[in-house]
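See below for my_file_36.json, which holds JSON, C-alpha atoms.
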```
[["chain", "number", "residue", "atom", "x", "y", "z"],
["N", 1, "MET", "CA", 5.04, -22.86, 0.68],
["N", 2, "THR", "CA", 5.40, -22.71, 4.46],
["N", 3, "LYS", "CA", 7.45, -19.95, 5.99],
["N", 4, "SER", "CA", 8.28, -21.53, 9.35],
["N", 5, "THR", "CA", 11.04, -19.10, 10.33],
["N", 6, "GLU", "CA", 8.74, -16.09, 10.29],
["N", 7, "PRO", "CA", 7.68, -14.47, 13.55],
["N", 8, "THR", "CA", 4.01, -14.92, 14.21],
["N", 9, "GLU", "CA", 1.71, -11.96, 13.77],
["N", 10, "SER", "CA", 1.47, -11.57, 17.54],
["N", 11, "ASP", "CA", 5.30, -11.25, 17.73],
["N", 12, "GLN", "CA", 5.30, -8.30, 15.35],
["N", 13, "PRO", "CA", 4.48, -4.83, 16.63],
["N", 14, "SER", "CA", 1.62, -3.45, 14.59],
["N", 15, "VAL", "CA", -0.89, -0.64, 14.43],
["N", 16, "PRO", "CA", -4.53, -0.60, 13.43],
["N", 17, "LEU", "CA", -5.08, 0.50, 9.84],
["N", 18, "SER", "CA", -7.50, 3.05, 11.27],
["N", 19, "VAL", "CA", -4.53, 4.94, 12.79],
["N", 20, "LEU", "CA", -3.16, 5.64, 9.32],
["N", 21, "LEU", "CA", -6.58, 6.56, 7.99],
["N", 22, "ALA", "CA", -6.97, 9.08, 10.82],
["N", 23, "ASP", "CA", -3.67, 10.83, 10.00],
["N", 24, "PRO", "CA", -4.66, 14.07, 8.22],
["N", 25, "ALA", "CA", -1.18, 14.51, 6.78],
["N", 26, "LEU", "CA", -1.58, 11.33, 4.73],
["N", 27, "ASP", "CA", -5.12, 12.05, 3.47],
["N", 28, "LEU", "CA", -5.76, 8.34, 2.89],
["N", 29, "ARG", "CA", -9.28, 7.18, 2.14],
["N", 30, "GLN", "CA", -10.60, 3.63, 2.35],
["N", 31, "ILE", "CA", -12.67, 2.89, -0.75],
["N", 32, "ALA", "CA", -13.23, -0.87, -0.52],
["N", 33, "GLY", "CA", -13.06, -3.84, 1.81],
["N", 34, "PRO", "CA", -14.08, -4.46, 5.40],
["N", 35, "PRO", "CA", -13.75, -1.86, 8.18],
["N", 36, "ALA", "CA", -10.19, -0.72, 8.89],
["N", 37, "ARG", "CA", -10.57, -1.19, 12.65],
["N", 38, "ASP", "CA", -10.35, -4.95, 12.14],
["N", 39, "HIS", "CA", -6.95, -4.86, 10.39],
["N", 40, "ARG", "CA", -3.43, -4.32, 11.73],
["N", 41, "ILE", "CA", -0.34, -3.23, 9.79],
["N", 42, "SER", "CA", 3.10, -4.48, 10.78],
["N", 43, "THR", "CA", 5.07, -3.29, 7.75],
["N", 44, "VAL", "CA", 4.76, -1.34, 4.51],
["N", 45, "GLY", "CA", 5.87, -2.58, 1.11],
["N", 46, "THR", "CA", 5.86, -1.09, -2.35],
["N", 47, "THR", "CA", 5.53, -3.12, -5.53],
["N", 48, "GLU", "CA", 4.97, -2.69, -9.22],
["N", 49, "ILE", "CA", 5.31, -6.33, -10.27],
["N", 50, "GLU", "CA", 2.53, -8.52, -11.62],
["N", 51, "ASP", "CA", 2.76, -11.14, -8.86],
["N", 52, "PRO", "CA", 4.33, -9.82, -5.66],
["N", 53, "SER", "CA", 3.16, -12.80, -3.57],
["N", 54, "PRO", "CA", 6.56, -14.58, -3.42],
["N", 55, "TYR", "CA", 8.06, -11.47, -1.83],
["N", 56, "LEU", "CA", 5.46, -10.87, 0.88],
["N", 57, "VAL", "CA", 5.58, -11.98, 4.53],
["N", 58, "GLY", "CA", 2.10, -11.00, 5.74],
["N", 59, "GLY", "CA", 0.81, -8.03, 7.68],
["N", 60, "GLU", "CA", 1.78, -5.56, 4.95],
["N", 61, "LEU", "CA", 0.15, -2.44, 3.76],
["N", 62, "LEU", "CA", 1.13, -3.00, 0.14],
["N", 63, "LEU", "CA", 1.44, 0.18, -1.93],
["N", 64, "THR", "CA", 1.24, 0.36, -5.72],
["N", 65, "ALA", "CA", 0.67, 2.89, -8.47],
["N", 66, "GLY", "CA", -0.66, 0.12, -10.70],
["N", 67, "VAL", "CA", 2.18, 0.26, -13.22],
["N", 68, "ARG", "CA", 1.88, -3.48, -13.92],
["N", 69, "LEU", "CA", -1.71, -3.97, -12.78],
["N", 70, "PRO", "CA", -3.47, -6.38, -15.15],
["N", 71, "ALA", "CA", -5.69, -4.69, -17.72],
["N", 72, "ASP", "CA", -8.74, -6.92, -17.32],
["N", 73, "ALA", "CA", -11.06, -7.76, -14.42],
["N", 74, "ALA", "CA", -10.01, -11.43, -14.30],
["N", 75, "GLY", "CA", -6.33, -10.50, -14.06],
["N", 76, "ILE", "CA", -7.04, -7.95, -11.34],
["N", 77, "ASP", "CA", -9.07, -10.52, -9.42],
["N", 78, "THR", "CA", -6.13, -12.95, -9.61],
["N", 79, "TYR", "CA", -3.76, -10.22, -8.40],
["N", 80, "VAL", "CA", -5.95, -9.42, -5.38],
["N", 81, "ARG", "CA", -6.49, -13.11, -4.59],
["N", 82, "ARG", "CA", -2.71, -13.66, -4.60],
["N", 83, "VAL", "CA", -1.89, -10.77, -2.27],
["N", 84, "VAL", "CA", -4.71, -11.77, 0.08],
["N", 85, "GLY", "CA", -3.35, -15.31, 0.06],
["N", 86, "SER", "CA", 0.06, -13.95, 1.00],
["N", 87, "GLY", "CA", -1.36, -12.27, 4.11],
["N", 88, "VAL", "CA", -1.41, -8.66, 2.93],
["N", 89, "THR", "CA", -3.49, -6.63, 5.38],
["N", 90, "ALA", "CA", -4.42, -3.79, 3.03],
["N", 91, "LEU", "CA", -3.65, -2.44, -0.43],
["N", 92, "GLY", "CA", -2.85, 1.21, -1.01],
["N", 93, "PHE", "CA", -3.30, 2.56, -4.54],
["N", 94, "GLY", "CA", -1.55, 5.78, -5.51],
["N", 95, "VAL", "CA", -3.39, 7.70, -8.19],
["N", 96, "VAL", "CA", -1.49, 9.64, -10.85],
["N", 97, "PRO", "CA", 0.70, 9.44, -12.88],
["N", 98, "VAL", "CA", -0.30, 5.97, -14.15],
["N", 99, "HIS", "CA", -4.02, 5.96, -13.33],
["N", 100, "ASP", "CA", -6.19, 9.04, -12.92],
["N", 101, "GLU", "CA", -8.34, 7.12, -10.45],
["N", 102, "VAL", "CA", -8.45, 3.72, -8.78],
["N", 103, "PRO", "CA", -9.71, 1.22, -11.36],
["N", 104, "PRO", "CA", -13.27, 0.10, -10.54],
["N", 105, "GLU", "CA", -12.25, -3.52, -11.20],
["N", 106, "LEU", "CA", -9.72, -3.24, -8.37],
["N", 107, "VAL", "CA", -12.35, -1.80, -6.03],
["N", 108, "ALA", "CA", -14.72, -4.69, -6.87],
["N", 109, "ALA", "CA", -11.99, -7.35, -6.43],
["N", 110, "CYS", "CA", -10.95, -5.94, -3.05],
["N", 111, "ASP", "CA", -14.58, -5.95, -1.89],
["N", 112, "ARG", "CA", -15.00, -9.51, -3.16],
["N", 113, "HIS", "CA", -11.85, -10.80, -1.41],
["N", 114, "GLY", "CA", -12.23, -8.78, 1.80],
["N", 115, "LEU", "CA", -9.11, -6.66, 1.30],
["N", 116, "PRO", "CA", -9.17, -3.05, 2.52],
["N", 117, "LEU", "CA", -8.25, -0.76, -0.37],
["N", 118, "LEU", "CA", -6.90, 2.71, 0.30],
["N", 119, "ARG", "CA", -6.73, 5.58, -2.17],
["N", 120, "LEU", "CA", -3.54, 7.60, -1.87],
["N", 121, "PRO", "CA", -3.89, 11.06, -3.35],
["N", 122, "PRO", "CA", -1.17, 12.38, -5.67],
["N", 123, "ALA", "CA", 0.24, 14.59, -2.90],
["N", 124, "THR", "CA", 0.93, 11.63, -0.57],
["N", 125, "PRO", "CA", 4.30, 9.99, -1.26],
["N", 126, "PHE", "CA", 4.57, 6.27, -0.55],
["N", 127, "VAL", "CA", 7.56, 7.03, 1.68],
["N", 128, "ALA", "CA", 5.38, 9.28, 3.87],
["N", 129, "VAL", "CA", 2.97, 6.37, 4.44],
["N", 130, "GLY", "CA", 5.89, 4.18, 5.48],
["N", 131, "GLN", "CA", 7.29, 6.83, 7.82],
["N", 132, "ALA", "CA", 3.91, 7.39, 9.48],
["N", 133, "THR", "CA", 3.41, 3.65, 9.89],
["N", 134, "TYR", "CA", 6.81, 3.06, 11.45],
["N", 135, "ALA", "CA", 6.42, 6.09, 13.75],
["N", 136, "ALA", "CA", 3.07, 4.72, 14.95],
["N", 137, "ILE", "CA", 4.60, 1.25, 15.46],
["N", 138, "ALA", "CA", 7.50, 2.79, 17.41],
["N", 139, "GLU", "CA", 5.01, 4.58, 19.66],
["N", 140, "VAL", "CA", 3.23, 1.28, 20.34],
["N", 141, "ARG", "CA", 6.57, -0.36, 21.17],
["N", 142, "ASN", "CA", 7.58, 2.56, 23.44],
["N", 143, "ARG", "CA", 4.26, 2.36, 25.28],
["N", 144, "GLU", "CA", 4.78, -1.39, 25.82],
["N", 145, "LEU", "CA", 8.30, -0.78, 27.14],
["N", 146, "ARG", "CA", 7.06, 1.91, 29.55],
["N", 147, "GLU", "CA", 4.44, -0.51, 30.89],
["N", 148, "ILE", "CA", 7.07, -3.22, 31.36],
["N", 149, "SER", "CA", 9.35, -0.76, 33.13],
["N", 150, "ARG", "CA", 6.56, 0.31, 35.50],
["N", 151, "ALA", "CA", 5.74, -3.33, 36.26],
["N", 152, "GLN", "CA", 9.41, -4.13, 36.91],
["N", 153, "SER", "CA", 9.70, -1.14, 39.25],
["N", 154, "ALA", "CA", 6.60, -2.24, 41.14],
["N", 155, "LEU", "CA", 7.97, -5.78, 41.46],
["N", 156, "ALA", "CA", 11.36, -4.50, 42.64],
["N", 157, "GLY", "CA", 9.66, -2.28, 45.21],
["N", 158, "ALA", "CA", 7.55, -5.16, 46.46],
["N", 159, "ALA", "CA", 10.59, -7.45, 46.68],
["N", 160, "ALA", "CA", 12.41, -4.93, 48.86],
["N", 161, "ARG", "CA", 9.64, -4.87, 51.47],
["N", 162, "PRO", "CA", 9.90, -6.97, 54.63],
["N", 163, "ASP", "CA", 6.76, -8.89, 53.58],
["N", 164, "ALA", "CA", 8.06, -9.37, 50.00],
["N", 165, "LEU", "CA", 6.28, -12.62, 49.31],
["N", 166, "ARG", "CA", 2.87, -11.22, 50.16],
["N", 167, "ALA", "CA", 3.63, -7.87, 48.49]]
```
Any chance you could put this one into structure tokens?
Amino acid sequence: MTKSTEPTESDQPSVPLSVLLADPALDLRQIAGPPARDHRISTVGTTEIEDPSPYLVGGELLLTAGVRLPADAAGIDTYVRRVVGSGVTALGFGVVPVHDEVPPELVAACDRHGLPLLRLPPATPFVAVGQATYAAIAEVRNRELREISRAQSALAGAAARPDALRA
């Protein structure tokens, strides 16, 4: 299935996954997958369905408590393969109340498929992860707008000079 009406990844404001991992209020810990510095998050989604892939757009930090996580290693591998195929950037797993800890089969599947896996402690609500992500994205967007404004001011100043073309 081709999603041709989607903005490209470069059109979407995003933040490095490492920004969220560095936020002490979230207390997130990466427990599997490649280094966070190589991955960017453009949105946060929450799911508890067996196959969320039809509902994903790519660039997500996908959060789950594992309510409907398959019980066996093969099913978990299929789950991870599907979300990776849908363009999910990282998977966040909230421990408690469903699972006391992140299932080792999920850790192994994320390592195998190159998907960063984050452990969310019981004290970190999924909503707080979303809020922190969107605040960080807003800061990126504000920084970009400030840079554009400075460039426009410099251009306007140069255009007002007698030697505008050279300026």
*asked:* At a cut-off of 12 Å around the point (-13.5, -6.2, -14.4) (file coordinates), what residues fall inside when counting all atoms listed in the file? I'd like the answer as a PyMOL selection string.
replied: chain N and resi 70-78+103-110+112
*Selected residue of minimal separation from N:Glu48 among N:Gly87, N:Pro97, N:Gly66, N:Pro24, counting all atoms listed in the file*: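 Of the candidates, the smallest distance to N:Glu48 is held by N:Gly66.
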*Pick from N:Ala164, N:Val44, N:Gly130, N:Leu28: nearest to N:Gly94, with all atoms listed in the file counted?*
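Among the listed residues, N:Leu28 lies closest to N:Gly94.
Here atom CA of N:Gly59 and atom CA of N:Gly85 stand 11.3 Å from one another.
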*asked:* Which residue is closest to N:Tyr55? Choose from N:Val83, N:Leu155, N:Val15, N:Leu69 and count all atoms listed in the file.
replied: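 Looking only at the distances to N:Tyr55, the closest residue turns out to be N:Val83.
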*What does the distance from atom CA of N:Ala128 to atom CA of N:Arg81 come to in Å, to one decimal?*
26.7 Å
*Could you check which of N:Ala159, N:Ala136, N:Ala36, N:Ala65 is closest to N:Ala90, using only C-alpha atoms?*
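Checking each candidate against N:Ala90, we get N:Ala36 as the closest.
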*Mind pulling up the distance from atom CA of N:Pro13 to atom CA of N:Ala32?*
25.0 Å
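Restricting the calculation to all atoms listed in the file, the smallest distance between N:His113 and any of N:Tyr79, N:Pro162, N:Asp11, N:Asp27 is found for N:Tyr79.
Comparing N:Gln12, N:Ser53, N:Thr89, N:Gln152 by their smallest distance to N:His39, the closest is N:Thr89 (using all atoms listed in the file).
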Enclose stretch 76-94 of chain N, meaning all of its atoms listed in the file, in a box aligned along x, y and z, pad it by 8 Å on each side, and list the centre and edge lengths in Å to one decimal, as AutoDock Vina command-line options.
```
--center_x -4.5 --center_y -4.8 --center_z -3.0 --size_x 25.1 --size_y 37.1 --size_z 32.7
```
*What's the 7 Å shell around N:Pro34, counting all atoms listed in the file, without same-chain residues fewer than 5 positions away, as a ChimeraX atom specification?*
/N:114-116
Could you complete stretch 40-65 of chain N so that it carries N, CA, C and O atoms, and give it back as a PDB file, in the coordinates of the input?
```
ATOM      1  N   ARG N  40      -4.644  -4.877  11.146  1.00  0.00           N
ATOM      2  CA  ARG N  40      -3.430  -4.320  11.730  1.00  0.00           C
ATOM      3  C   ARG N  40      -2.291  -4.399  10.723  1.00  0.00           C
ATOM      4  O   ARG N  40      -2.140  -5.388  10.012  1.00  0.00           O
ATOM      5  N   ILE N  41      -1.475  -3.356  10.711  1.00  0.00           N
ATOM      6  CA  ILE N  41      -0.340  -3.230   9.790  1.00  0.00           C
ATOM      7  C   ILE N  41       0.950  -3.407  10.591  1.00  0.00           C
ATOM      8  O   ILE N  41       1.156  -2.735  11.603  1.00  0.00           O
ATOM      9  N   SER N  42       1.809  -4.307  10.116  1.00  0.00           N
ATOM     10  CA  SER N  42       3.100  -4.480  10.780  1.00  0.00           C
ATOM     11  C   SER N  42       4.264  -4.011   9.916  1.00  0.00           C
ATOM     12  O   SER N  42       5.372  -3.840  10.411  1.00  0.00           O
ATOM     13  N   THR N  43       4.019  -3.785   8.634  1.00  0.00           N
ATOM     14  CA  THR N  43       5.070  -3.290   7.750  1.00  0.00           C
ATOM     15  C   THR N  43       4.435  -2.692   6.503  1.00  0.00           C
ATOM     16  O   THR N  43       3.250  -2.894   6.243  1.00  0.00           O
ATOM     17  N   VAL N  44       5.231  -1.955   5.751  1.00  0.00           N
ATOM     18  CA  VAL N  44       4.760  -1.340   4.510  1.00  0.00           C
ATOM     19  C   VAL N  44       5.688  -1.802   3.398  1.00  0.00           C
ATOM     20  O   VAL N  44       6.904  -1.818   3.563  1.00  0.00           O
ATOM     21  N   GLY N  45       5.087  -2.185   2.278  1.00  0.00           N
ATOM     22  CA  GLY N  45       5.870  -2.580   1.110  1.00  0.00           C
ATOM     23  C   GLY N  45       5.356  -1.869  -0.116  1.00  0.00           C
ATOM     24  O   GLY N  45       4.205  -1.450  -0.167  1.00  0.00           O
ATOM     25  N   THR N  46       6.222  -1.719  -1.086  1.00  0.00           N
ATOM     26  CA  THR N  46       5.860  -1.090  -2.350  1.00  0.00           C
ATOM     27  C   THR N  46       6.173  -2.079  -3.468  1.00  0.00           C
ATOM     28  O   THR N  46       7.232  -2.703  -3.444  1.00  0.00           O
ATOM     29  N   THR N  47       5.278  -2.203  -4.424  1.00  0.00           N
ATOM     30  CA  THR N  47       5.530  -3.120  -5.530  1.00  0.00           C
ATOM     31  C   THR N  47       4.894  -2.613  -6.810  1.00  0.00           C
ATOM     32  O   THR N  47       3.865  -1.944  -6.777  1.00  0.00           O
ATOM     33  N   GLU N  48       5.532  -2.952  -7.899  1.00  0.00           N
ATOM     34  CA  GLU N  48       4.970  -2.690  -9.220  1.00  0.00           C
ATOM     35  C   GLU N  48       5.159  -3.928 -10.102  1.00  0.00           C
ATOM     36  O   GLU N  48       5.287  -3.819 -11.308  1.00  0.00           O
ATOM     37  N   ILE N  49       5.194  -5.113  -9.483  1.00  0.00           N
ATOM     38  CA  ILE N  49       5.310  -6.330 -10.270  1.00  0.00           C
ATOM     39  C   ILE N  49       3.970  -7.037 -10.349  1.00  0.00           C
ATOM     40  O   ILE N  49       3.097  -6.826  -9.510  1.00  0.00           O
ATOM     41  N   GLU N  50       3.818  -7.870 -11.361  1.00  0.00           N
ATOM     42  CA  GLU N  50       2.530  -8.520 -11.620  1.00  0.00           C
ATOM     43  C   GLU N  50       2.110  -9.492 -10.529  1.00  0.00           C
ATOM     44  O   GLU N  50       0.935  -9.618 -10.228  1.00  0.00           O
ATOM     45  N   ASP N  51       3.074 -10.197  -9.935  1.00  0.00           N
ATOM     46  CA  ASP N  51       2.760 -11.140  -8.860  1.00  0.00           C
ATOM     47  C   ASP N  51       3.749 -10.942  -7.715  1.00  0.00           C
ATOM     48  O   ASP N  51       4.805 -11.570  -7.676  1.00  0.00           O
ATOM     49  N   PRO N  52       3.410 -10.072  -6.769  1.00  0.00           N
ATOM     50  CA  PRO N  52       4.330  -9.820  -5.660  1.00  0.00           C
ATOM     51  C   PRO N  52       4.287 -10.886  -4.566  1.00  0.00           C
ATOM     52  O   PRO N  52       5.090 -10.858  -3.638  1.00  0.00           O
ATOM     53  N   SER N  53       3.377 -11.855  -4.668  1.00  0.00           N
ATOM     54  CA  SER N  53       3.160 -12.800  -3.570  1.00  0.00           C
ATOM     55  C   SER N  53       4.418 -13.523  -3.087  1.00  0.00           C
ATOM     56  O   SER N  53       4.549 -13.737  -1.882  1.00  0.00           O
ATOM     57  N   PRO N  54       5.369 -13.890  -3.949  1.00  0.00           N
ATOM     58  CA  PRO N  54       6.560 -14.580  -3.420  1.00  0.00           C
ATOM     59  C   PRO N  54       7.426 -13.694  -2.512  1.00  0.00           C
ATOM     60  O   PRO N  54       8.267 -14.198  -1.777  1.00  0.00           O
ATOM     61  N   TYR N  55       7.207 -12.402  -2.570  1.00  0.00           N
ATOM     62  CA  TYR N  55       8.060 -11.470  -1.830  1.00  0.00           C
ATOM     63  C   TYR N  55       7.375 -10.884  -0.593  1.00  0.00           C
ATOM     64  O   TYR N  55       7.905  -9.962   0.026  1.00  0.00           O
ATOM     65  N   LEU N  56       6.235 -11.406  -0.238  1.00  0.00           N
ATOM     66  CA  LEU N  56       5.460 -10.870   0.880  1.00  0.00           C
ATOM     67  C   LEU N  56       5.562 -11.794   2.088  1.00  0.00           C
ATOM     68  O   LEU N  56       5.720 -12.998   1.949  1.00  0.00           O
ATOM     69  N   VAL N  57       5.481 -11.191   3.293  1.00  0.00           N
ATOM     70  CA  VAL N  57       5.580 -11.980   4.530  1.00  0.00           C
ATOM     71  C   VAL N  57       4.287 -11.973   5.333  1.00  0.00           C
ATOM     72  O   VAL N  57       4.142 -12.739   6.263  1.00  0.00           O
ATOM     73  N   GLY N  58       3.353 -11.114   4.996  1.00  0.00           N
ATOM     74  CA  GLY N  58       2.100 -11.000   5.740  1.00  0.00           C
ATOM     75  C   GLY N  58       2.112  -9.796   6.648  1.00  0.00           C
ATOM     76  O   GLY N  58       3.147  -9.393   7.157  1.00  0.00           O
ATOM     77  N   GLY N  59       0.950  -9.203   6.818  1.00  0.00           N
ATOM     78  CA  GLY N  59       0.810  -8.030   7.680  1.00  0.00           C
ATOM     79  C   GLY N  59       1.125  -6.715   6.972  1.00  0.00           C
ATOM     80  O   GLY N  59       1.102  -5.661   7.592  1.00  0.00           O
ATOM     81  N   GLU N  60       1.394  -6.773   5.672  1.00  0.00           N
ATOM     82  CA  GLU N  60       1.780  -5.560   4.950  1.00  0.00           C
ATOM     83  C   GLU N  60       0.609  -4.661   4.593  1.00  0.00           C
ATOM     84  O   GLU N  60      -0.493  -5.134   4.333  1.00  0.00           O
ATOM     85  N   LEU N  61       0.925  -3.389   4.540  1.00  0.00           N
ATOM     86  CA  LEU N  61       0.150  -2.440   3.760  1.00  0.00           C
ATOM     87  C   LEU N  61       0.953  -2.363   2.468  1.00  0.00           C
ATOM     88  O   LEU N  61       2.078  -1.863   2.458  1.00  0.00           O
ATOM     89  N   LEU N  62       0.418  -2.922   1.406  1.00  0.00           N
ATOM     90  CA  LEU N  62       1.130  -3.000   0.140  1.00  0.00           C
ATOM     91  C   LEU N  62       0.718  -1.815  -0.723  1.00  0.00           C
ATOM     92  O   LEU N  62      -0.473  -1.611  -0.976  1.00  0.00           O
ATOM     93  N   LEU N  63       1.699  -1.030  -1.154  1.00  0.00           N
ATOM     94  CA  LEU N  63       1.440   0.180  -1.930  1.00  0.00           C
ATOM     95  C   LEU N  63       1.811  -0.053  -3.394  1.00  0.00           C
ATOM     96  O   LEU N  63       2.860  -0.646  -3.692  1.00  0.00           O
ATOM     97  N   THR N  64       0.982   0.458  -4.297  1.00  0.00           N
ATOM     98  CA  THR N  64       1.240   0.360  -5.720  1.00  0.00           C
ATOM     99  C   THR N  64       0.637   1.551  -6.448  1.00  0.00           C
ATOM    100  O   THR N  64      -0.353   2.120  -5.990  1.00  0.00           O
ATOM    101  N   ALA N  65       1.249   1.884  -7.572  1.00  0.00           N
ATOM    102  CA  ALA N  65       0.670   2.890  -8.470  1.00  0.00           C
ATOM    103  C   ALA N  65      -0.001   2.198  -9.654  1.00  0.00           C
ATOM    104  O   ALA N  65      -0.494   2.855 -10.557  1.00  0.00           O
TER     105      ALA N  65
END
```
